[in-house]
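Dropping protein-v4.cif in here (mmCIF, C-alpha atoms):
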```
data_protein
loop_
_atom_site.group_PDB
_atom_site.id
_atom_site.type_symbol
_atom_site.label_atom_id
_atom_site.label_comp_id
_atom_site.auth_asym_id
_atom_site.auth_seq_id
_atom_site.Cartn_x
_atom_site.Cartn_y
_atom_site.Cartn_z
ATOM 1 C CA ALA U 1 96.011 -3.734 -176.724
ATOM 2 C CA GLN U 2 95.566 -5.828 -179.817
ATOM 3 C CA LYS U 3 97.705 -4.966 -182.775
ATOM 4 C CA VAL U 4 98.800 -6.515 -186.053
ATOM 5 C CA THR U 5 101.983 -5.378 -187.759
ATOM 6 C CA GLN U 6 102.883 -6.097 -191.339
ATOM 7 C CA ALA U 7 106.239 -4.407 -191.628
ATOM 8 C CA GLN U 8 106.623 -5.014 -195.354
ATOM 9 C CA THR U 9 104.665 -2.347 -197.189
ATOM 10 C CA GLU U 10 105.550 -3.509 -200.684
ATOM 11 C CA ILE U 11 107.354 -6.536 -202.083
ATOM 12 C CA SER U 12 108.314 -7.084 -205.694
ATOM 13 C CA VAL U 13 109.462 -10.446 -207.017
ATOM 14 C CA VAL U 14 109.914 -12.111 -210.342
ATOM 15 C CA GLU U 15 107.609 -14.944 -211.288
ATOM 16 C CA LYS U 16 108.594 -18.346 -209.861
ATOM 17 C CA GLU U 17 110.420 -16.828 -206.908
ATOM 18 C CA ASP U 18 109.339 -17.764 -203.406
ATOM 19 C CA VAL U 19 108.141 -14.924 -201.198
ATOM 20 C CA THR U 20 107.306 -14.672 -197.495
ATOM 21 C CA LEU U 21 104.933 -12.101 -196.061
ATOM 22 C CA ASP U 22 105.497 -11.321 -192.408
ATOM 23 C CA CYS U 23 102.846 -10.800 -189.756
ATOM 24 C CA VAL U 24 103.456 -10.031 -186.088
ATOM 25 C CA TYR U 25 100.605 -9.679 -183.639
ATOM 26 C CA GLU U 26 100.037 -8.461 -180.094
ATOM 27 C CA THR U 27 97.299 -9.667 -177.796
ATOM 28 C CA ARG U 28 96.726 -10.163 -174.084
ATOM 29 C CA ASP U 29 94.367 -13.059 -174.549
ATOM 30 C CA THR U 30 95.253 -16.742 -174.652
ATOM 31 C CA THR U 31 92.427 -17.578 -177.056
ATOM 32 C CA TYR U 32 92.466 -15.786 -180.363
ATOM 33 C CA TYR U 33 92.200 -16.331 -184.094
ATOM 34 C CA LEU U 34 94.497 -15.304 -186.892
ATOM 35 C CA PHE U 35 93.573 -14.813 -190.537
ATOM 36 C CA TRP U 36 95.070 -14.011 -193.888
ATOM 37 C CA TYR U 37 93.113 -12.288 -196.639
ATOM 38 C CA LYS U 38 93.986 -11.463 -200.225
ATOM 39 C CA GLN U 39 92.734 -8.275 -201.895
ATOM 40 C CA PRO U 40 93.177 -8.387 -205.678
ATOM 41 C CA PRO U 41 92.829 -5.216 -207.756
ATOM 42 C CA SER U 42 89.060 -5.748 -207.914
ATOM 43 C CA GLY U 43 88.939 -4.839 -204.213
ATOM 44 C CA GLU U 44 87.025 -7.731 -202.721
ATOM 45 C CA LEU U 45 88.761 -9.437 -199.800
ATOM 46 C CA VAL U 46 89.248 -13.151 -200.282
ATOM 47 C CA PHE U 47 89.635 -15.371 -197.234
ATOM 48 C CA LEU U 48 92.749 -17.561 -197.294
ATOM 49 C CA ILE U 49 93.199 -19.161 -193.874
ATOM 50 C CA ARG U 50 92.088 -19.135 -190.234
ATOM 51 C CA ARG U 51 94.164 -20.354 -187.313
ATOM 52 C CA ASN U 52 93.209 -20.550 -183.650
ATOM 53 C CA SER U 53 95.739 -19.917 -180.934
ATOM 54 C CA PHE U 54 95.820 -23.541 -179.835
ATOM 55 C CA ASP U 55 96.745 -24.920 -183.214
ATOM 56 C CA GLU U 56 100.378 -24.246 -184.040
ATOM 57 C CA GLN U 57 100.611 -26.714 -186.845
ATOM 58 C CA ASN U 58 101.883 -25.245 -190.052
ATOM 59 C CA GLU U 59 99.569 -25.528 -192.997
ATOM 60 C CA ILE U 60 100.165 -26.008 -196.682
ATOM 61 C CA SER U 61 97.612 -25.447 -199.405
ATOM 62 C CA GLY U 62 99.051 -25.839 -202.868
ATOM 63 C CA ARG U 63 101.660 -23.119 -203.331
ATOM 64 C CA TYR U 64 100.605 -21.395 -200.105
ATOM 65 C CA SER U 65 101.968 -22.202 -196.666
ATOM 66 C CA TRP U 66 101.624 -20.617 -193.260
ATOM 67 C CA ASN U 67 104.013 -20.668 -190.311
ATOM 68 C CA PHE U 68 102.400 -19.918 -186.939
ATOM 69 C CA GLN U 69 104.810 -19.413 -184.024
ATOM 70 C CA LYS U 70 103.335 -18.332 -180.702
ATOM 71 C CA SER U 71 106.793 -17.901 -179.193
ATOM 72 C CA THR U 72 107.474 -14.998 -181.533
ATOM 73 C CA SER U 73 103.825 -13.947 -182.027
ATOM 74 C CA SER U 74 104.170 -14.388 -185.752
ATOM 75 C CA PHE U 75 101.964 -15.830 -188.463
ATOM 76 C CA ASN U 76 103.935 -15.672 -191.697
ATOM 77 C CA PHE U 77 102.673 -16.522 -195.157
ATOM 78 C CA THR U 78 104.840 -18.016 -197.891
ATOM 79 C CA ILE U 79 103.992 -18.292 -201.564
ATOM 80 C CA THR U 80 106.116 -20.817 -203.408
ATOM 81 C CA ALA U 81 106.842 -20.379 -207.105
ATOM 82 C CA SER U 82 104.942 -17.107 -207.276
ATOM 83 C CA GLN U 83 102.756 -16.284 -210.248
ATOM 84 C CA VAL U 84 101.540 -13.014 -211.728
ATOM 85 C CA VAL U 85 98.034 -13.813 -210.464
ATOM 86 C CA ASP U 86 99.390 -13.662 -206.912
ATOM 87 C CA SER U 87 99.814 -9.900 -207.290
ATOM 88 C CA ALA U 88 97.546 -8.353 -204.680
ATOM 89 C CA VAL U 89 97.457 -6.746 -201.272
ATOM 90 C CA TYR U 90 97.628 -9.294 -198.482
ATOM 91 C CA PHE U 91 96.216 -8.616 -195.036
ATOM 92 C CA CYS U 92 96.872 -10.396 -191.771
ATOM 93 C CA ALA U 93 94.161 -10.039 -189.116
ATOM 94 C CA LEU U 94 93.523 -10.912 -185.468
ATOM 95 C CA SER U 95 90.287 -11.678 -183.624
ATOM 96 C CA GLU U 96 90.089 -12.141 -179.878
ATOM 97 C CA ALA U 97 87.699 -14.783 -178.597
ATOM 98 C CA PRO U 98 86.694 -13.183 -175.292
ATOM 99 C CA SER U 99 85.072 -10.258 -177.100
ATOM 100 C CA ASN U 100 82.526 -12.686 -178.628
ATOM 101 C CA THR U 101 82.046 -10.277 -181.492
ATOM 102 C CA GLY U 102 84.415 -11.538 -184.144
ATOM 103 C CA LYS U 103 85.888 -8.093 -184.638
ATOM 104 C CA LEU U 104 88.946 -8.227 -186.839
ATOM 105 C CA ILE U 105 92.027 -6.121 -186.248
ATOM 106 C CA PHE U 106 93.827 -5.790 -189.568
ATOM 107 C CA GLY U 107 97.436 -5.077 -190.333
ATOM 108 C CA GLN U 108 98.192 -2.353 -192.845
ATOM 109 C CA GLY U 109 98.672 -4.873 -195.602
ATOM 110 C CA THR U 110 101.560 -5.898 -197.844
ATOM 111 C CA THR U 111 101.366 -5.143 -201.542
ATOM 112 C CA LEU U 112 102.877 -7.991 -203.519
ATOM 113 C CA GLN U 113 103.854 -7.434 -207.123
ATOM 114 C CA VAL U 114 104.868 -10.461 -209.137
ATOM 115 C CA LYS U 115 106.556 -9.552 -212.392
ATOM 116 C CA PRO U 116 106.578 -11.892 -215.382
ATOM 117 C CA SER B 1 75.825 -21.590 -200.403
ATOM 118 C CA GLN B 2 76.055 -18.154 -198.880
ATOM 119 C CA THR B 3 76.493 -14.962 -200.849
ATOM 120 C CA ILE B 4 76.857 -11.353 -199.819
ATOM 121 C CA HIS B 5 75.750 -8.413 -201.924
ATOM 122 C CA GLN B 6 76.551 -4.741 -201.710
ATOM 123 C CA TRP B 7 75.232 -1.828 -203.669
ATOM 124 C CA PRO B 8 75.895 0.461 -205.232
ATOM 125 C CA ALA B 9 79.325 -0.553 -206.519
ATOM 126 C CA THR B 10 80.460 3.034 -206.955
ATOM 127 C CA LEU B 11 79.055 6.320 -205.781
ATOM 128 C CA VAL B 12 80.019 9.952 -206.204
ATOM 129 C CA GLN B 13 78.298 12.304 -203.785
ATOM 130 C CA PRO B 14 78.735 16.002 -202.946
ATOM 131 C CA VAL B 15 79.713 17.141 -199.484
ATOM 132 C CA GLY B 16 76.680 17.523 -197.267
ATOM 133 C CA SER B 17 74.529 15.018 -199.123
ATOM 134 C CA PRO B 18 73.013 11.940 -197.461
ATOM 135 C CA LEU B 19 74.295 8.401 -197.868
ATOM 136 C CA SER B 20 72.765 4.969 -197.819
ATOM 137 C CA LEU B 21 74.769 1.826 -198.566
ATOM 138 C CA GLU B 22 73.110 -1.546 -198.416
ATOM 139 C CA CYS B 23 74.420 -5.002 -197.684
ATOM 140 C CA THR B 24 72.447 -8.242 -197.806
ATOM 141 C CA VAL B 25 73.441 -11.816 -197.103
ATOM 142 C CA GLU B 26 71.799 -14.878 -198.600
ATOM 143 C CA GLY B 27 71.904 -18.508 -197.577
ATOM 144 C CA THR B 28 72.365 -18.124 -193.839
ATOM 145 C CA SER B 29 70.446 -16.924 -190.817
ATOM 146 C CA ASN B 30 71.386 -14.751 -187.853
ATOM 147 C CA PRO B 31 74.832 -13.836 -189.155
ATOM 148 C CA ASN B 32 77.176 -11.407 -187.475
ATOM 149 C CA LEU B 33 77.503 -8.410 -189.806
ATOM 150 C CA TYR B 34 80.267 -5.837 -190.123
ATOM 151 C CA TRP B 35 80.984 -2.567 -191.932
ATOM 152 C CA TYR B 36 84.606 -1.689 -192.671
ATOM 153 C CA ARG B 37 86.146 1.314 -194.408
ATOM 154 C CA GLN B 38 89.389 1.280 -196.316
ATOM 155 C CA ALA B 39 90.951 4.644 -197.071
ATOM 156 C CA ALA B 40 93.163 4.814 -200.152
ATOM 157 C CA GLY B 41 96.366 2.850 -199.678
ATOM 158 C CA ARG B 42 95.583 1.918 -196.079
ATOM 159 C CA GLY B 43 94.273 -0.941 -194.007
ATOM 160 C CA LEU B 44 90.731 -1.713 -193.021
ATOM 161 C CA GLN B 45 88.981 0.036 -190.165
ATOM 162 C CA LEU B 46 85.977 -1.524 -188.471
ATOM 163 C CA LEU B 47 83.089 0.951 -188.321
ATOM 164 C CA PHE B 48 80.096 -1.022 -187.026
ATOM 165 C CA TYR B 49 79.138 -4.552 -186.192
ATOM 166 C CA SER B 50 75.876 -6.282 -185.407
ATOM 167 C CA VAL B 51 75.209 -9.616 -183.740
ATOM 168 C CA GLY B 52 71.440 -9.473 -184.257
ATOM 169 C CA ILE B 53 68.474 -7.478 -185.555
ATOM 170 C CA GLY B 54 68.462 -3.998 -184.093
ATOM 171 C CA GLN B 55 71.774 -4.571 -182.299
ATOM 172 C CA ILE B 56 74.443 -2.165 -183.527
ATOM 173 C CA SER B 57 77.833 -1.467 -181.993
ATOM 174 C CA SER B 58 79.909 1.482 -183.137
ATOM 175 C CA GLU B 59 83.665 1.342 -183.147
ATOM 176 C CA VAL B 60 84.589 4.809 -184.339
ATOM 177 C CA PRO B 61 82.795 8.080 -183.500
ATOM 178 C CA GLN B 62 81.861 9.760 -186.754
ATOM 179 C CA ASN B 63 78.965 11.090 -188.749
ATOM 180 C CA LEU B 64 78.029 7.626 -189.988
ATOM 181 C CA SER B 65 75.372 5.327 -188.570
ATOM 182 C CA ALA B 66 74.282 1.766 -189.197
ATOM 183 C CA SER B 67 71.037 -0.127 -188.949
ATOM 184 C CA ARG B 68 69.916 -3.723 -189.237
ATOM 185 C CA PRO B 69 66.222 -3.703 -190.066
ATOM 186 C CA GLN B 70 66.153 -7.364 -191.061
ATOM 187 C CA ASP B 71 68.192 -10.412 -190.106
ATOM 188 C CA ARG B 72 70.296 -10.402 -193.260
ATOM 189 C CA GLN B 73 70.283 -6.702 -194.128
ATOM 190 C CA PHE B 74 72.814 -4.166 -192.912
ATOM 191 C CA ILE B 75 72.652 -0.499 -193.900
ATOM 192 C CA LEU B 76 75.274 2.220 -193.550
ATOM 193 C CA SER B 77 73.985 5.784 -193.551
ATOM 194 C CA SER B 78 74.947 9.378 -193.164
ATOM 195 C CA LYS B 79 72.859 12.518 -193.008
ATOM 196 C CA LYS B 80 75.629 14.765 -194.282
ATOM 197 C CA LEU B 81 78.745 13.445 -195.963
ATOM 198 C CA LEU B 82 82.200 14.870 -195.325
ATOM 199 C CA LEU B 83 85.194 14.790 -197.660
ATOM 200 C CA SER B 84 86.869 12.446 -195.186
ATOM 201 C CA ASP B 85 84.101 9.876 -195.727
ATOM 202 C CA SER B 86 85.564 8.996 -199.108
ATOM 203 C CA GLY B 87 86.838 5.444 -199.268
ATOM 204 C CA PHE B 88 86.088 1.849 -200.020
ATOM 205 C CA TYR B 89 83.314 0.407 -197.856
ATOM 206 C CA LEU B 90 83.186 -3.292 -197.275
ATOM 207 C CA CYS B 91 80.468 -5.336 -195.652
ATOM 208 C CA ALA B 92 81.263 -8.735 -194.152
ATOM 209 C CA TRP B 93 79.462 -11.578 -192.433
ATOM 210 C CA THR B 94 80.352 -14.539 -190.290
ATOM 211 C CA ARG B 95 78.325 -17.332 -188.734
ATOM 212 C CA ASP B 96 79.844 -16.604 -185.340
ATOM 213 C CA PHE B 97 82.917 -15.030 -183.864
ATOM 214 C CA THR B 98 85.069 -18.145 -184.120
ATOM 215 C CA TYR B 99 84.820 -18.272 -187.869
ATOM 216 C CA GLU B 100 86.274 -16.323 -190.739
ATOM 217 C CA GLN B 101 84.485 -13.321 -192.187
ATOM 218 C CA TYR B 102 83.381 -13.256 -195.791
ATOM 219 C CA PHE B 103 83.392 -9.943 -197.559
ATOM 220 C CA GLY B 104 81.154 -8.359 -200.129
ATOM 221 C CA PRO B 105 82.410 -6.723 -203.344
ATOM 222 C CA GLY B 106 82.527 -3.282 -201.726
ATOM 223 C CA THR B 107 81.297 0.216 -202.539
ATOM 224 C CA ARG B 108 83.744 2.843 -203.686
ATOM 225 C CA LEU B 109 82.540 6.203 -202.369
ATOM 226 C CA THR B 110 83.956 9.515 -203.544
ATOM 227 C CA VAL B 111 82.786 12.649 -201.784
ATOM 228 C CA THR B 112 83.388 15.769 -203.853
#
```
Would you mind writing the file out in structure tokens?
Amino acid sequence: AQKVTQAQTEISVVEKEDVTLDCVYETRDTTYYLFWYKQPPSGELVFLIRRNSFDEQNEISGRYSWNFQKSTSSFNFTITASQVVDSAVYFCALSEAPSNTGKLIFGQGTTLQVKP
Amino acid sequence: SQTIHQWPATLVQPVGSPLSLECTVEGTSNPNLYWYRQAAGRGLQLLFYSVGIGQISSEVPQNLSASRPQDRQFILSSKKLLLSDSGFYLCAWTRDFTYEQYFGPGTRLTVT
């Protein structure tokens, strides 16, 4: 069965520290998609990144970077030089291609608090 | 560009009352549409999804229902609300299953 585990419930860092949010997934399919979303206090989910299972290249976008490793079924998210505005709940999600529905399986989320 | 709207933003309803939450998408056609619920302090649970007008799939048995009367309109309903229906309801759309979902601003429902 599909499953996404975000073992870190809450993380607290001081501004300018680097922080990594872990995501481990389970799936039986060879074709799937992985996502990260940010949920600020306002509640709306903001899309950050999408990765398909055939693309293991790491990606960097400004202070954000993602490390996708199929060997360990992990898709970790690192924020470099964290800022107070990064404080939010971050969700990792999985979608399996064969279902053709785009249904997302979410992890429980990691609450990140960045202190000034 | 595409935008997704949800209303109302907040709602307080007594137990046993009906519910109707609306979601509309602009700037695209034939989107896949989704309703999620987020209980306080927890992750998101998929409730319904729709790949076309009149096509609704339910993920979780409950006293909620969904309808898609128009291509870009998705409605979540209940005839009689329960206390356990309280939560944050999010609507989302995607162009197809290979793409990311974009979420609306959400409706915060409190059942009293």
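Using only C-alpha atoms, the chain B residues found within 6 Å of chain U amount to Arg42, Gly43, Phe97, Phe103 and Pro105 of chain B.
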Practice item. To verify the selection step, state as an NGL selection string which residues the PyMOL selection byres ((chain B and resi 12-16) around 9) yields on this input. Key: :B and (10-11 or 17-19 or 79-83 or 108-112)
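Picked by the PyMOL selection byres ((chain U and resi 84-88) around 6) from the coordinates shown: Gln39, Pro40, Gln83, Val89, Thr111, Leu112, Gln113 and Val114 of chain U.
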Point to revise | Chain and number of each residue from the PyMOL selection byres ((chain U and resi 77) around 6), as a ChimeraX atom specification | key: /U:20-21,65-66,76,78
Check your understanding: Counting only C-alpha atoms, what is within 6 Å of Phe68 (chain U), bar same-chain residues fewer than 5 positions away, as a ChimeraX atom specification?
Key -> /U:56,74-75
**Study point:** Minimum-distance residue to Asn30 (chain B), chosen among B:Ala9, B:Ile53, B:Ala66, B:Leu46 (using all atoms listed in the file)
**Key:** B:Ile53
Point to revise | Atomic distance CA of Thr9 (chain U) - CA of Leu44 (chain B), expressed in Å with one decimal | key: 14.6 Å
